[in-house]
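Peer 1: The structure's right below; bear with me while I get my questions together.
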Amino acid sequence: MTHVVQLDLSGRTAVITGGGSGIGRACALRLAAAGAKVVVLDRDAEAASEVAGLTGGQAVAIDLADEHALAAFDFPADVLVNNAGLQYVAPIEQFPAQRFAYIHNVMVQAPFQLMGKVLPHMYAQGWGRIINISSVHGQRASAYKSAYVAAKHGLEGLSKVVALEAAAHGVTSNCINPAYVRTALVEGQIADQARTHQIDETEVIEKIMLARAAIKRLIEPEEVAELMAYLCTPAADFITGASIAMDGGWTAT
């Protein structure tokens with residue numbers, strides 16, 4: 001059972017990318033439960049609308065790799081959760097350059113642009129929270145995931161730069177670094193890894209995904225959302241520029 005922290009975001013607006021499913025959905029529901037007006041960004045219009053309906057928020061169907069769509073996006077967010085991501089598994093010599101670029105557009109370029117849009121509002125009011133859903137792969141590498149690992153490392157650096165620039169304005173910027181979370185993205189990775197390594201999908205979970213972790217289970221999206229919620233509380237005012245491992249002991253080894 002996930003323990004719930006006390007959080008009141010009444011009157012605040014929260015923008016969540018990739019909010020239609022998985023971690024993003026859990027974050028949207030958690031922020032709405034704290035009283036925030038939730039803006040759900042997702043490429044899947046139907047999924048975004050469903051979550052917006054559940055939260056009483058607003059859905060925005062958007063491909064974050066589309067610079068023109070991002071340029072038109074304009075919400076005075078008090079909380080920004082950069083969560084959207086995707087995976088592609090292949091050896092570097094076989095990795096499509098176009099796919100590599102697309103992943104970086106969604107996972108690094110889009111957060112950069114969204115941060116630039118929301119920071120002036122946060123600075124003006126003297127408060128804001130930028131929470132980047134990174135990954136254990138923002139701290140460690142895995143074979144066949146060159147685009148994802150490089151993008152997460154880039155997001156880590158971007159988050160730290162924002163933390164330094166924004167600290168004087170009452171704005172914090174942090175990364176959450178989960179290991180494998182029970183999401184559709186991970187389910188897709190299981191199938192990809194099984195194909196790449198030519199092993200059964202159950203072996204992927206046991207021998208690859210959980211091999212380095214001390215706690216032998218997948219993380220639930222709600223657990224990530226609760227850590228995200230904590231970073232929005234007054235108790236977390238002094239936490240910025242951090243990368244918080246949520247990996248069951250993976251990076252302890």
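Simple scheme: letters A, B, ... for chains in structure tokens order, numbers from 1 for residues in each chain, numbers from 1 for ligands in the order shown.
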List every residue of region 164-210 of chain A that has an atom at most 8 Å from any atom of region 144-160 of chain A, giving for each one its closest atom pair and the distance in Å to one decimal, counting only C-alpha atoms, sorted by chain and then by ascending residue number, as a Markdown table.
Peer 2:
| residue | atom | partner | partner_atom | distance |
| --- | --- | --- | --- | --- |
| A:Leu164 | CA | A:Lys160 | CA | 6.4 |
| A:Ser173 | CA | A:Ser159 | CA | 5.7 |
| A:Asn174 | CA | A:Ser159 | CA | 6.1 |
| A:Cys175 | CA | A:Glu156 | CA | 6.7 |
Peer 1: Apply DSSP to the structure's backbone, then extract all residues of region 13-228 of chain A labelled strand (DSSP E) and return them as a ChimeraX atom specification.
Peer 2: /A:13-17,37-42,58-61,79-82,128-133,171-178
Peer 1: A:Ile92, A:Thr240, A:Glu165, A:Val136: which is nearest Leu119 (chain A), counting only C-alpha atoms?
Peer 2: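 When distances to Leu119 (chain A) are compared using only C-alpha atoms, the smallest one comes from A:Glu165.
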Peer 1: Residues near region 67-81 of chain A, anyone? I mean within 6 Å using only C-alpha atoms, not counting same-chain ones fewer than 6 positions away, as a PyMOL selection string.
Peer 2: chain A and resi 12-16+118+121+128-132
Peer 1: For Ala33 (chain A), which residue out of A:Pro111, A:Gly19, A:Gly249, A:Gly57 is the nearest one, using only C-alpha atoms?
Peer 2: A:Gly57
